[in-house]
>>> print(open('input_21.cif').read())   # mmCIF, C-alpha atoms
data_final
#
loop_
_atom_site.label_atom_id
_atom_site.label_comp_id
_atom_site.auth_asym_id
_atom_site.auth_seq_id
_atom_site.Cartn_x
_atom_site.Cartn_y
_atom_site.Cartn_z
CA MET A 28 -21.35 -23.36 -10.35
CA VAL A 29 -18.38 -22.14 -12.28
CA ASP A 30 -15.23 -24.18 -12.10
CA PHE A 31 -11.97 -22.35 -11.75
CA THR A 32 -8.87 -23.93 -13.15
CA LEU A 33 -5.45 -23.23 -11.72
CA TRP A 34 -4.79 -21.13 -14.79
CA ASP A 35 -7.84 -18.95 -14.08
CA ILE A 36 -6.54 -18.29 -10.58
CA LEU A 37 -3.01 -17.57 -11.77
CA ARG A 38 -4.14 -15.34 -14.62
CA ASN A 39 -6.19 -13.15 -12.30
CA LEU A 40 -3.42 -13.01 -9.75
CA ILE A 41 -0.91 -11.94 -12.40
CA ILE A 42 -3.22 -9.09 -13.42
CA ALA A 43 -3.46 -7.99 -9.79
CA ALA A 44 0.29 -8.34 -9.31
CA GLN A 45 0.79 -5.52 -11.80
CA TRP A 46 -0.79 -3.17 -9.24
CA THR A 47 1.57 -4.47 -6.60
CA VAL A 48 4.50 -3.67 -8.87
CA LEU A 49 3.17 -0.22 -9.72
CA LEU A 50 2.44 0.64 -6.10
CA SER A 51 5.91 -0.56 -5.08
CA LEU A 52 7.51 1.65 -7.71
CA ILE A 53 5.51 4.69 -6.62
CA ALA A 54 6.43 4.10 -2.97
CA PHE A 55 10.07 3.44 -3.79
CA VAL A 56 10.59 6.42 -6.07
CA GLY A 57 8.46 8.77 -3.97
CA GLY A 58 10.04 7.51 -0.77
CA GLY A 59 13.49 7.90 -2.28
CA LEU A 60 12.83 11.54 -3.17
CA VAL A 61 11.30 12.44 0.20
CA GLY A 62 14.03 10.50 2.00
CA LEU A 63 16.73 12.30 0.02
CA PHE A 64 15.14 15.63 0.89
CA TRP A 65 15.22 14.78 4.60
CA LEU A 66 18.78 13.52 4.39
CA LEU A 67 20.00 16.69 2.67
CA LEU A 68 18.28 18.86 5.28
CA ARG A 69 19.91 16.80 8.01
CA LEU A 70 23.37 17.08 6.43
CA TRP A 71 22.98 20.72 5.47
CA ARG A 72 22.09 22.04 8.95
CA PRO A 73 22.71 19.25 11.45
CA GLY A 74 22.07 21.55 14.40
CA ALA A 75 18.56 22.46 13.31
CA PHE A 76 17.42 19.25 11.65
CA LYS A 77 19.00 16.47 13.70
CA LEU A 78 16.07 16.27 16.11
CA PRO A 79 13.21 16.62 13.58
CA PHE A 80 14.94 13.98 11.44
CA ALA A 81 15.24 11.58 14.37
CA ILE A 82 11.59 12.14 15.33
CA TYR A 83 10.41 11.60 11.76
CA VAL A 84 12.34 8.35 11.46
CA GLN A 85 11.23 7.11 14.87
CA LEU A 86 7.57 7.92 14.12
CA PHE A 87 7.54 5.79 11.00
CA GLN A 88 9.87 3.05 12.18
CA GLY A 89 8.23 2.78 15.60
CA THR A 90 4.62 2.38 14.47
CA PRO A 91 3.01 -0.36 12.37
CA LEU A 92 2.71 0.32 8.67
CA LEU A 93 -0.88 -0.91 8.95
CA MET A 94 -1.69 1.93 11.36
CA GLN A 95 0.00 4.44 9.05
CA LEU A 96 -2.18 3.22 6.21
CA PHE A 97 -5.33 3.55 8.33
CA LEU A 98 -4.38 7.02 9.54
CA SER A 99 -3.63 8.23 6.03
CA TYR A 100 -6.88 6.71 4.77
CA PHE A 101 -9.16 8.11 7.48
CA GLY A 102 -7.08 11.19 8.26
CA LEU A 103 -7.20 12.66 4.78
CA ARG A 104 -10.95 12.20 4.69
CA LEU A 105 -11.44 13.65 8.15
CA PHE A 106 -9.65 16.82 7.14
CA GLY A 107 -11.90 17.18 4.14
CA VAL A 108 -9.53 15.92 1.46
CA GLU A 109 -11.58 13.58 -0.67
CA VAL A 110 -9.03 11.34 -2.31
CA SER A 111 -9.10 7.88 -3.80
CA VAL A 112 -7.66 4.93 -1.94
CA TRP A 113 -4.82 5.09 -4.48
CA VAL A 114 -3.65 8.44 -3.16
CA SER A 115 -3.94 7.63 0.53
CA VAL A 116 -2.13 4.32 0.11
CA SER A 117 0.62 5.88 -2.01
CA LEU A 118 1.05 8.65 0.53
CA ALA A 119 1.41 6.28 3.49
CA LEU A 120 3.80 3.94 1.68
CA THR A 121 5.87 6.86 0.38
CA LEU A 122 6.32 8.38 3.84
CA TYR A 123 7.06 4.96 5.36
CA THR A 124 9.67 4.24 2.68
CA SER A 125 11.19 7.70 2.97
CA ALA A 126 11.83 7.28 6.71
CA PHE A 127 13.63 3.97 6.23
CA LEU A 128 15.64 5.09 3.21
CA ALA A 129 16.65 8.37 4.87
CA GLU A 130 17.91 6.44 7.89
CA ILE A 131 19.75 3.88 5.74
CA TRP A 132 21.41 6.62 3.71
CA ARG A 133 22.26 8.64 6.79
CA GLY A 134 24.20 5.62 8.01
CA CYS A 135 26.02 5.39 4.68
CA VAL A 136 27.01 9.05 4.76
CA ALA A 137 28.08 8.74 8.39
CA SER A 138 30.45 5.92 7.44
CA ILE A 139 32.45 8.32 5.24
CA PRO A 140 35.47 9.60 7.19
CA LYS A 141 35.03 13.06 8.67
CA GLY A 142 38.30 14.11 7.06
CA GLN A 143 36.61 14.03 3.68
CA TRP A 144 34.16 16.73 4.82
CA GLU A 145 36.92 18.75 6.39
CA ALA A 146 39.28 18.47 3.46
CA SER A 147 36.59 19.47 0.98
CA ALA A 148 35.51 22.35 3.21
CA SER A 149 39.11 23.56 3.39
CA LEU A 150 39.10 23.64 -0.41
CA ALA A 151 36.26 26.15 -0.13
CA LEU A 152 33.69 23.84 -1.67
CA SER A 153 30.11 24.81 -0.92
CA PHE A 154 27.72 22.30 0.69
CA GLY A 155 26.31 21.47 -2.72
CA GLU A 156 29.77 20.93 -4.22
CA GLN A 157 30.86 18.81 -1.26
CA MET A 158 27.83 16.60 -1.74
CA ARG A 159 28.13 16.45 -5.51
CA TYR A 160 31.86 15.76 -5.87
CA ILE A 161 33.06 14.29 -2.56
CA ILE A 162 30.36 12.73 -0.40
CA ALA A 163 27.68 11.44 -2.77
CA PRO A 164 29.99 9.40 -5.05
CA GLN A 165 31.45 7.57 -2.06
CA ALA A 166 28.19 7.21 -0.14
CA LEU A 167 26.33 5.96 -3.19
CA ARG A 168 28.56 2.91 -3.56
CA ILE A 169 27.91 1.85 0.02
CA ALA A 170 24.22 2.74 -0.18
CA ILE A 171 23.22 0.66 -3.16
CA PRO A 172 23.11 -2.85 -1.60
CA PRO A 173 20.93 -1.92 1.43
CA THR A 174 18.71 0.24 -0.77
CA VAL A 175 18.08 -2.64 -3.18
CA GLY A 176 17.48 -4.87 -0.16
CA PHE A 177 14.90 -2.44 1.17
CA LEU A 178 12.97 -2.62 -2.08
CA VAL A 179 11.95 -6.12 -0.97
CA GLN A 180 10.49 -4.64 2.23
CA VAL A 181 8.55 -2.11 0.14
CA ILE A 182 7.07 -4.81 -2.10
CA LYS A 183 6.02 -6.81 0.95
CA GLY A 184 4.72 -3.64 2.56
CA THR A 185 2.32 -3.01 -0.31
CA ALA A 186 0.48 -6.21 0.71
CA LEU A 187 -0.92 -4.24 3.67
CA ALA A 188 -2.66 -1.87 1.27
CA SER A 189 -5.11 -4.73 0.75
CA VAL A 190 -6.50 -4.06 4.24
CA VAL A 191 -7.82 -0.61 3.31
CA GLY A 192 -9.41 -2.01 0.17
CA PHE A 193 -6.75 -1.41 -2.42
CA VAL A 194 -6.97 -4.26 -4.92
CA GLU A 195 -3.46 -5.58 -5.40
CA LEU A 196 -2.09 -9.09 -5.22
CA THR A 197 -3.09 -9.93 -1.63
CA ARG A 198 -6.56 -8.40 -1.94
CA ALA A 199 -7.12 -10.19 -5.24
CA GLY A 200 -6.03 -13.41 -3.51
CA ASN A 201 -8.64 -12.81 -0.81
CA MET A 202 -11.36 -12.19 -3.34
CA ILE A 203 -10.46 -15.18 -5.49
CA ALA A 204 -10.25 -17.42 -2.42
CA ASN A 205 -13.77 -16.34 -1.49
CA VAL A 206 -15.17 -17.20 -4.90
CA THR A 207 -13.29 -20.40 -5.58
CA TYR A 208 -13.38 -21.87 -2.07
CA GLU A 209 -9.78 -22.89 -2.63
CA PRO A 210 -7.93 -20.75 -0.10
CA PHE A 211 -5.03 -23.18 0.12
CA THR A 212 -4.19 -23.06 -3.57
CA VAL A 213 -4.90 -19.36 -3.89
CA PHE A 214 -2.79 -18.20 -0.95
CA ALA A 215 0.00 -20.58 -1.92
CA CYS A 216 -0.04 -18.98 -5.39
CA VAL A 217 -0.12 -15.47 -3.90
CA GLY A 218 2.86 -16.29 -1.70
CA LEU A 219 4.69 -17.82 -4.62
CA MET A 220 4.15 -14.72 -6.73
CA TYR A 221 5.54 -12.46 -4.03
CA PHE A 222 8.46 -14.85 -3.78
CA ILE A 223 9.06 -14.67 -7.53
CA MET A 224 9.12 -10.86 -7.32
CA CYS A 225 11.20 -10.58 -4.15
CA TYR A 226 13.70 -13.40 -4.25
CA PRO A 227 15.69 -12.17 -7.30
CA ILE A 228 15.95 -8.74 -5.70
CA SER A 229 17.08 -10.23 -2.37
CA ALA A 230 19.65 -12.36 -4.15
CA TYR A 231 20.87 -9.38 -6.16
CA ALA A 232 21.16 -7.25 -3.00
CA ARG A 233 23.20 -10.02 -1.37
CA TYR A 234 25.45 -10.23 -4.43
CA LEU A 235 25.98 -6.46 -4.42
CA GLU A 236 26.79 -6.55 -0.73
CA ARG A 237 29.43 -9.22 -1.22
CA LYS A 238 30.91 -7.26 -4.11
CA THR A 239 31.08 -4.00 -2.15
CA HIS A 240 32.72 -5.72 0.79
CA ALA A 241 35.20 -7.49 -1.45
CA VAL A 242 36.28 -4.18 -2.99
CA SER A 243 36.67 -2.32 0.27
CA ARG A 244 38.70 -5.09 1.89
CA MET B 30 -14.05 23.46 7.76
CA THR B 31 -13.37 22.61 11.36
CA VAL B 32 -12.53 19.17 12.57
CA GLU B 33 -13.57 18.10 16.00
CA LEU B 34 -11.42 15.50 17.61
CA ASN B 35 -12.72 13.68 20.64
CA PHE B 36 -10.10 11.49 22.20
CA LEU B 37 -12.00 11.05 25.46
CA ALA B 38 -14.65 8.98 23.69
CA VAL B 39 -11.95 6.50 22.77
CA PHE B 40 -10.58 6.31 26.28
CA GLN B 41 -13.98 5.35 27.61
CA ASP B 42 -13.30 2.00 26.03
CA TRP B 43 -9.94 1.73 27.81
CA PRO B 44 -10.44 -1.90 28.92
CA MET B 45 -10.36 -2.90 25.25
CA LEU B 46 -7.10 -1.03 24.76
CA VAL B 47 -5.61 -2.77 27.78
CA THR B 48 -6.70 -6.17 26.45
CA GLY B 49 -5.19 -5.22 23.11
CA VAL B 50 -1.86 -4.26 24.64
CA ILE B 51 -1.76 -7.50 26.64
CA TRP B 52 -2.43 -9.56 23.49
CA THR B 53 0.16 -7.66 21.48
CA LEU B 54 2.80 -8.07 24.18
CA GLY B 55 1.83 -11.69 24.78
CA LEU B 56 2.11 -12.59 21.10
CA THR B 57 5.44 -10.77 20.95
CA ALA B 58 6.71 -12.65 24.01
CA ILE B 59 5.77 -15.98 22.42
CA ALA B 60 7.45 -14.92 19.20
CA ILE B 61 10.60 -13.97 21.09
CA VAL B 62 10.87 -17.16 23.15
CA VAL B 63 9.82 -19.74 20.56
CA GLY B 64 10.95 -17.77 17.50
CA LEU B 65 14.47 -17.21 18.80
CA THR B 66 14.70 -20.90 19.76
CA VAL B 67 13.72 -21.82 16.21
CA ALA B 68 16.21 -19.25 14.92
CA VAL B 69 19.10 -20.63 16.98
CA ALA B 70 18.29 -24.20 15.91
CA CYS B 71 18.06 -23.22 12.23
CA ALA B 72 21.21 -21.11 12.41
CA TRP B 73 23.01 -24.13 13.89
CA VAL B 74 21.72 -26.33 11.06
CA ARG B 75 22.82 -23.81 8.47
CA THR B 76 26.33 -23.38 9.87
CA GLU B 77 27.35 -26.81 11.14
CA GLY B 78 24.30 -29.06 10.89
CA PRO B 79 23.77 -31.97 8.51
CA LYS B 80 23.61 -31.09 4.82
CA TRP B 81 20.26 -32.83 4.20
CA LEU B 82 18.66 -30.55 6.80
CA ALA B 83 20.44 -27.40 5.68
CA ILE B 84 18.60 -27.26 2.35
CA PRO B 85 15.02 -27.38 3.70
CA VAL B 86 15.99 -24.86 6.38
CA ALA B 87 17.42 -22.52 3.75
CA ALA B 88 14.21 -22.89 1.75
CA TYR B 89 12.11 -22.06 4.84
CA VAL B 90 14.19 -18.98 5.59
CA GLU B 91 14.05 -17.67 2.02
CA LEU B 92 10.32 -18.36 1.68
CA MET B 93 9.50 -16.44 4.84
CA ARG B 94 11.85 -13.57 4.10
CA ASN B 95 10.52 -13.03 0.60
CA THR B 96 6.76 -13.12 1.22
CA PRO B 97 4.62 -10.61 3.15
CA PHE B 98 3.66 -11.48 6.72
CA ILE B 99 -0.02 -10.92 5.95
CA VAL B 100 0.09 -13.60 3.24
CA GLN B 101 1.80 -16.03 5.62
CA LEU B 102 -0.89 -15.34 8.18
CA PHE B 103 -3.72 -15.79 5.67
CA PHE B 104 -2.15 -18.99 4.37
CA ILE B 105 -2.00 -20.44 7.88
CA PHE B 106 -5.45 -19.21 8.92
CA PHE B 107 -7.47 -19.56 5.70
CA GLY B 108 -5.36 -21.93 3.62
CA LEU B 109 -4.38 -24.73 5.99
CA PRO B 110 -7.95 -25.62 7.10
CA ALA B 111 -8.41 -26.95 3.55
CA LEU B 112 -5.93 -29.66 4.56
CA GLY B 113 -7.84 -30.25 7.78
CA VAL B 114 -5.43 -28.21 9.96
CA ARG B 115 -7.56 -25.65 11.75
CA PHE B 116 -6.27 -23.01 14.19
CA SER B 117 -8.04 -20.40 16.29
CA PRO B 118 -7.07 -16.80 15.41
CA PRO B 119 -4.61 -16.33 18.30
CA VAL B 120 -2.93 -19.67 17.63
CA ALA B 121 -2.60 -18.94 13.92
CA SER B 122 -1.19 -15.51 14.77
CA GLY B 123 1.30 -17.02 17.20
CA ILE B 124 2.46 -19.61 14.69
CA ALA B 125 2.85 -17.00 11.95
CA LEU B 126 4.83 -14.65 14.20
CA VAL B 127 7.07 -17.47 15.44
CA LEU B 128 7.80 -18.70 11.92
CA ASN B 129 8.44 -15.16 10.71
CA LEU B 130 10.82 -14.17 13.50
CA GLY B 131 12.40 -17.62 13.27
CA ALA B 132 13.37 -17.06 9.64
CA TYR B 133 14.73 -13.53 10.07
CA GLY B 134 16.44 -14.52 13.31
CA THR B 135 18.14 -17.45 11.56
CA GLU B 136 19.91 -15.14 9.14
CA ILE B 137 20.90 -12.69 11.86
CA ILE B 138 22.22 -15.34 14.27
CA ARG B 139 23.98 -17.19 11.47
CA ALA B 140 25.99 -14.06 10.72
CA GLY B 141 27.05 -14.01 14.36
CA LEU B 142 27.97 -17.71 14.38
CA LEU B 143 30.10 -17.33 11.25
CA ALA B 144 32.10 -14.58 12.93
CA THR B 145 33.39 -16.94 15.64
CA PRO B 146 37.20 -17.09 15.57
CA LYS B 147 38.40 -20.60 14.76
CA GLY B 148 40.88 -20.52 17.63
CA GLN B 149 38.06 -20.42 20.17
CA ILE B 150 36.61 -23.67 18.89
CA GLU B 151 40.03 -25.27 18.81
CA ALA B 152 40.71 -24.11 22.34
CA ALA B 153 37.37 -25.55 23.49
CA LEU B 154 38.13 -28.84 21.72
CA SER B 155 41.48 -29.04 23.45
CA LEU B 156 39.63 -28.69 26.77
CA ALA B 157 37.66 -31.82 25.80
CA LEU B 158 34.31 -30.05 25.66
CA SER B 159 31.63 -31.95 23.78
CA LYS B 160 30.26 -30.57 20.50
CA PHE B 161 27.05 -29.56 22.26
CA GLN B 162 28.93 -27.77 25.02
CA ILE B 163 31.09 -25.95 22.50
CA PHE B 164 28.03 -24.67 20.64
CA THR B 165 25.98 -23.62 23.67
CA ARG B 166 28.82 -22.24 25.81
CA VAL B 167 31.60 -21.12 23.50
CA VAL B 168 30.12 -20.26 20.13
CA LEU B 169 26.55 -19.12 20.82
CA PRO B 170 26.88 -16.52 23.63
CA PRO B 171 29.40 -14.23 21.89
CA ALA B 172 27.53 -14.70 18.60
CA LEU B 173 24.26 -13.56 20.22
CA LYS B 174 26.06 -10.68 21.87
CA LYS B 175 27.41 -9.52 18.51
CA VAL B 176 24.05 -9.59 16.74
CA TRP B 177 21.81 -8.59 19.67
CA PRO B 178 21.12 -5.05 18.36
CA ALA B 179 20.00 -6.48 15.00
CA LEU B 180 17.86 -9.09 16.76
CA VAL B 181 16.22 -6.44 18.95
CA SER B 182 15.38 -4.38 15.85
CA GLN B 183 13.88 -7.43 14.20
CA ILE B 184 11.83 -8.24 17.29
CA VAL B 185 10.43 -4.69 17.29
CA ILE B 186 9.59 -5.07 13.59
CA VAL B 187 7.78 -8.33 14.34
CA MET B 188 5.85 -6.72 17.19
CA LEU B 189 4.72 -3.89 14.94
CA GLY B 190 3.90 -6.45 12.27
CA SER B 191 1.61 -8.23 14.70
CA ALA B 192 -0.88 -5.40 14.07
CA VAL B 193 -1.88 -7.41 11.01
CA CYS B 194 -3.14 -10.25 13.25
CA GLY B 195 -6.20 -8.12 13.98
CA GLN B 196 -7.28 -8.89 10.43
CA ILE B 197 -8.11 -12.45 11.45
CA ALA B 198 -9.84 -11.23 14.63
CA THR B 199 -7.01 -11.77 17.07
CA GLU B 200 -7.85 -9.30 19.81
CA GLU B 201 -4.58 -7.38 19.77
CA LEU B 202 -4.16 -3.62 19.81
CA SER B 203 -5.10 -2.80 16.22
CA TYR B 204 -8.20 -4.97 16.55
CA ALA B 205 -9.14 -3.03 19.69
CA ALA B 206 -8.79 0.21 17.72
CA ASN B 207 -10.98 -1.28 15.04
CA VAL B 208 -13.75 -2.25 17.49
CA ILE B 209 -13.57 1.07 19.34
CA SER B 210 -13.89 2.96 16.08
CA ALA B 211 -16.96 0.90 15.21
CA ASN B 212 -18.49 1.56 18.65
CA THR B 213 -17.77 5.27 18.92
CA PHE B 214 -17.47 6.35 15.26
CA ARG B 215 -14.24 8.06 16.37
CA THR B 216 -12.18 6.21 13.82
CA PHE B 217 -9.30 8.63 13.39
CA GLU B 218 -8.92 9.19 17.13
CA ALA B 219 -9.00 5.47 17.84
CA TYR B 220 -6.22 4.79 15.35
CA ILE B 221 -4.14 7.77 16.52
CA ILE B 222 -4.27 6.48 20.08
CA ALA B 223 -3.48 2.91 19.07
CA THR B 224 -0.57 4.15 16.95
CA ALA B 225 0.77 6.21 19.86
CA ILE B 226 0.55 3.15 22.10
CA TYR B 227 2.46 1.12 19.51
CA LEU B 228 5.16 3.78 19.48
CA VAL B 229 5.49 3.63 23.27
CA LEU B 230 5.49 -0.19 23.19
CA ALA B 231 8.21 -0.20 20.51
CA LEU B 232 10.43 2.09 22.58
CA MET B 233 9.73 0.08 25.74
CA VAL B 234 10.37 -3.32 24.17
CA ARG B 235 13.57 -2.03 22.63
CA SER B 236 15.00 -0.71 25.89
CA LEU B 237 13.79 -3.74 27.84
CA LEU B 238 15.54 -6.13 25.45
CA ASN B 239 18.70 -4.00 25.34
CA TRP B 240 18.70 -4.22 29.12
CA ALA B 241 17.80 -7.91 29.37
CA GLY B 242 20.14 -9.18 26.66
CA PRO B 243 23.44 -8.82 28.49
CA ARG B 244 21.90 -9.93 31.79
CA PHE B 245 19.93 -13.03 30.84
CA ILE B 246 20.70 -14.09 27.28
CA PHE B 247 24.42 -14.00 26.67
CA GLY B 248 25.89 -12.95 30.03
CA ARG B 249 27.81 -9.81 30.96
#
>>> encode(input="input_21.cif", output="structure tokens")
Amino acid sequence: MVDFTLWDILRNLIIAAQWTVLLSLIAFVGGGLVGLFWLLLRLWRPGAFKLPFAIYVQLFQGTPLLMQLFLSYFGLRLFGVEVSVWVSVSLALTLYTSAFLAEIWRGCVASIPKGQWEASASLALSFGEQMRYIIAPQALRIAIPPTVGFLVQVIKGTALASVVGFVELTRAGNMIANVTYEPFTVFACVGLMYFIMCYPISAYARYLERKTHAVSR
Amino acid sequence: MTVELNFLAVFQDWPMLVTGVIWTLGLTAIAIVVGLTVAVACAWVRTEGPKWLAIPVAAYVELMRNTPFIVQLFFIFFGLPALGVRFSPPVASGIALVLNLGAYGTEIIRAGLLATPKGQIEAALSLALSKFQIFTRVVLPPALKKVWPALVSQIVIVMLGSAVCGQIATEELSYAANVISANTFRTFEAYIIATAIYLVLALMVRSLLNWAGPRFIFGR
């Protein structure tokens, strides 16, 4: 019988937490790019893309992330794409993140007065120029606090990847709990480590939000 | 390569899906009723309650909001028995959902409470209402009304999050999909159907709460 010290547990959890961080970054960056793509489509041709955009967002916001992970995991295999669990998990988390970010950013762009669009259009700016010089700089300032806040949701979302067998912090916690027979300590440590990752980001998002509001008032 | 999808095979196990939907909705209902009660109580503590209580409540809210639901669930179901506190899967799921919605709800309701104009409280005081009456009749209803859309969104998120409870063998919808896929080997179809049901449930719960809020929760 091997004895596990608290340090053994923590050390292994820290190693696993690196995968949580990496997966979060992939989902956040990938989701940001896909979300931006959707948003630009929606702004570029509202008539054509309003409905597809709404359906896309509703599909990912109206179904459990766990189900999306399962579908990506089994779906890719069913259609003959042999991929590692890495790819299927990254894909699901990226699409999930993109739907939320696109919707958050759409709200930010919508909060910019219509006159700004009209004025820039009357100056004969193209769609790209309108975005680049008029809309994006203003929308970005409003968008940063909720975007940072959503990063916390992404980090917590990666915990579900453990269910399809991806070894990150939660999965490692499960495995260590099974070997050490100390589920209380292990899951408390796992929770604490998520807290250590998420709380500073939450606090920073709150700070940014206060700052933005203070400026605009 | 052709892929054959057979959705009928999944529907042959429809009683399991029905049981799953009932469990999912039941757990959500418990989370709404108990969780929102917890949320209102904690929001009260954080806005005008005693200081010595405000700190532990703030700690509870931040702990829940900054850790994944699945870890909370595992801690309650696998971790607490080490201290001699043992729950059945549905009870552990219910507790986890209540605590989770309670924490998020606290922050949402608190924002509503803070937006109460001071004059309303002064007016209520001048009418000799007790502190309790002022909170339940003057401050709370308009606060809930203001934040109801945010609360409804959070409730839908919690309902979708309850899919994780299947991982500790609570017989909710995702668990049903799991069992059906094991019985029929129609894994993809089973999860597609369960996901579609979740989507319908999310839309239904959202419109039901948007309808019920003004009628039963905060009046008008």
>>> resolve_selection(input="input_21.cif", expression="the PyMOL selection byres ((chain B) within 7 of (chain A))", output="mmCIF file with C-alpha atoms, keeping the file's coordinate frame")
data_model
loop_
_atom_site.group_PDB
_atom_site.id
_atom_site.type_symbol
_atom_site.label_atom_id
_atom_site.label_comp_id
_atom_site.auth_asym_id
_atom_site.auth_seq_id
_atom_site.Cartn_x
_atom_site.Cartn_y
_atom_site.Cartn_z
ATOM 1 C CA VAL B 32 -12.530 19.170 12.570
ATOM 2 C CA LEU B 92 10.320 -18.360 1.680
ATOM 3 C CA ASN B 95 10.520 -13.030 0.600
ATOM 4 C CA THR B 96 6.760 -13.120 1.220
ATOM 5 C CA PRO B 97 4.620 -10.610 3.150
ATOM 6 C CA VAL B 100 0.090 -13.600 3.240
ATOM 7 C CA PHE B 104 -2.150 -18.990 4.370
ATOM 8 C CA PHE B 107 -7.470 -19.560 5.700
ATOM 9 C CA GLY B 108 -5.360 -21.930 3.620
ATOM 10 C CA LEU B 109 -4.380 -24.730 5.990
ATOM 11 C CA ALA B 111 -8.410 -26.950 3.550
ATOM 12 C CA LEU B 189 4.720 -3.890 14.940
ATOM 13 C CA GLY B 190 3.900 -6.450 12.270
ATOM 14 C CA ALA B 192 -0.880 -5.400 14.070
ATOM 15 C CA VAL B 193 -1.880 -7.410 11.010
ATOM 16 C CA PHE B 217 -9.300 8.630 13.390
ATOM 17 C CA TYR B 220 -6.220 4.790 15.350
ATOM 18 C CA THR B 224 -0.570 4.150 16.950
ATOM 19 C CA TYR B 227 2.460 1.120 19.510
ATOM 20 C CA LEU B 228 5.160 3.780 19.480
ATOM 21 C CA ALA B 231 8.210 -0.200 20.510
#
>>> closest_residue(input="input_21.cif", among="A:Leu66, A:Ala199, A:Ala163, A:Ile169", to="Asn39 (chain A)", atoms="all atoms listed in the file")
A:Ala199
>>> residues_near_point(input="input_21.cif", point="(28.6, -7.6, -1.8)", cutoff="12 Å", atoms="all atoms listed in the file", output="short mmCIF file (atom, residue, chain, number, x, y, z; two decimals) with C-alpha atoms, keeping the file's coordinate frame")
data_model
loop_
_atom_site.label_atom_id
_atom_site.label_comp_id
_atom_site.auth_asym_id
_atom_site.auth_seq_id
_atom_site.Cartn_x
_atom_site.Cartn_y
_atom_site.Cartn_z
CA ARG A 168 28.56 2.91 -3.56
CA ILE A 169 27.91 1.85 0.02
CA ALA A 170 24.22 2.74 -0.18
CA ILE A 171 23.22 0.66 -3.16
CA PRO A 172 23.11 -2.85 -1.60
CA PRO A 173 20.93 -1.92 1.43
CA VAL A 175 18.08 -2.64 -3.18
CA GLY A 176 17.48 -4.87 -0.16
CA SER A 229 17.08 -10.23 -2.37
CA ALA A 230 19.65 -12.36 -4.15
CA TYR A 231 20.87 -9.38 -6.16
CA ALA A 232 21.16 -7.25 -3.00
CA ARG A 233 23.20 -10.02 -1.37
CA TYR A 234 25.45 -10.23 -4.43
CA LEU A 235 25.98 -6.46 -4.42
CA GLU A 236 26.79 -6.55 -0.73
CA ARG A 237 29.43 -9.22 -1.22
CA LYS A 238 30.91 -7.26 -4.11
CA THR A 239 31.08 -4.00 -2.15
CA HIS A 240 32.72 -5.72 0.79
CA ALA A 241 35.20 -7.49 -1.45
CA VAL A 242 36.28 -4.18 -2.99
CA SER A 243 36.67 -2.32 0.27
CA ARG A 244 38.70 -5.09 1.89
#
>>> residues_near_point(input="input_21.cif", point="(4.2, 10.3, 0.9)", cutoff="8 Å", atoms="all atoms listed in the file", output="list in words")
Ala54, Gly57, Gly58, Val61, Ser117, Leu118, Ala119, Leu120, Thr121, Leu122, Tyr123 and Ser125 of chain A
>>> closest_residue(input="input_21.cif", among="B:Ser210, B:Ser203, B:Gln183, B:Thr135", to="Ala87 (chain B)", atoms="all atoms listed in the file")
B:Thr135
>>> closest_residue(input="input_21.cif", among="B:Gly123, B:Trp240, B:Ile150, B:Thr213", to="Leu54 (chain B)", atoms="all atoms listed in the file")
B:Gly123
>>> atom_distance(input="input_21.cif", atom1="CA of Leu169 (chain B)", atom2="CA of Leu142 (chain B)")
6.7 Å
>>> closest_residue(input="input_21.cif", among="A:Trp65, A:Phe193, A:Trp34, A:Trp46", to="Ala129 (chain A)", atoms="all atoms listed in the file")
A:Trp65
>>> atom_distance(input="input_21.cif", atom1="CA of Ala241 (chain B)", atom2="CA of Ile61 (chain B)")
12.5 Å
>>> atom_distance(input="input_21.cif", atom1="CA of Leu230 (chain B)", atom2="CA of Ile59 (chain B)")
15.8 Å
>>> closest_residue(input="input_21.cif", among="B:Ala60, B:Ala144, B:Ala125, B:Ala211", to="Ile197 (chain B)", atoms="all atoms listed in the file")
B:Ala125
>>> residues_around(input="input_21.cif", residues="Ile51 (chain B)", least_positions_apart="5", cutoff="9 Å", atoms="only C-alpha atoms", output="PDB file with C-alpha atoms, keeping the file's coordinate frame")
ATOM      1  CA  LEU B  46      -7.100  -1.030  24.760  1.00  0.00           C
ATOM      2  CA  LEU B  56       2.110 -12.590  21.100  1.00  0.00           C
ATOM      3  CA  GLU B 201      -4.580  -7.380  19.770  1.00  0.00           C
ATOM      4  CA  LEU B 202      -4.160  -3.620  19.810  1.00  0.00           C
TER       5      LEU B 202
END
>>> resolve_selection(input="input_21.cif", expression="the PyMOL selection byres ((chain B and resi 68) around 12)", output="JSON, numbers by chain")
{"B": [60, 61, 62, 63, 64, 65, 66, 67, 69, 70, 71, 72, 73, 74, 75, 86, 87, 89, 90, 127, 128, 129, 130, 131, 132, 133, 134, 135, 136, 137, 138, 139, 140, 142, 169, 173, 180]}
>>> resolve_selection(input="input_21.cif", expression="the PyMOL selection byres ((chain B and resi 205) around 9)", output="list in words")
Met45, Leu46, Val47, Thr48, Gly49, Val50, Gly195, Glu200, Glu201, Leu202, Ser203, Tyr204, Ala206, Asn207, Val208, Ile209, Ser210, Ala219 and Ala223 of chain B
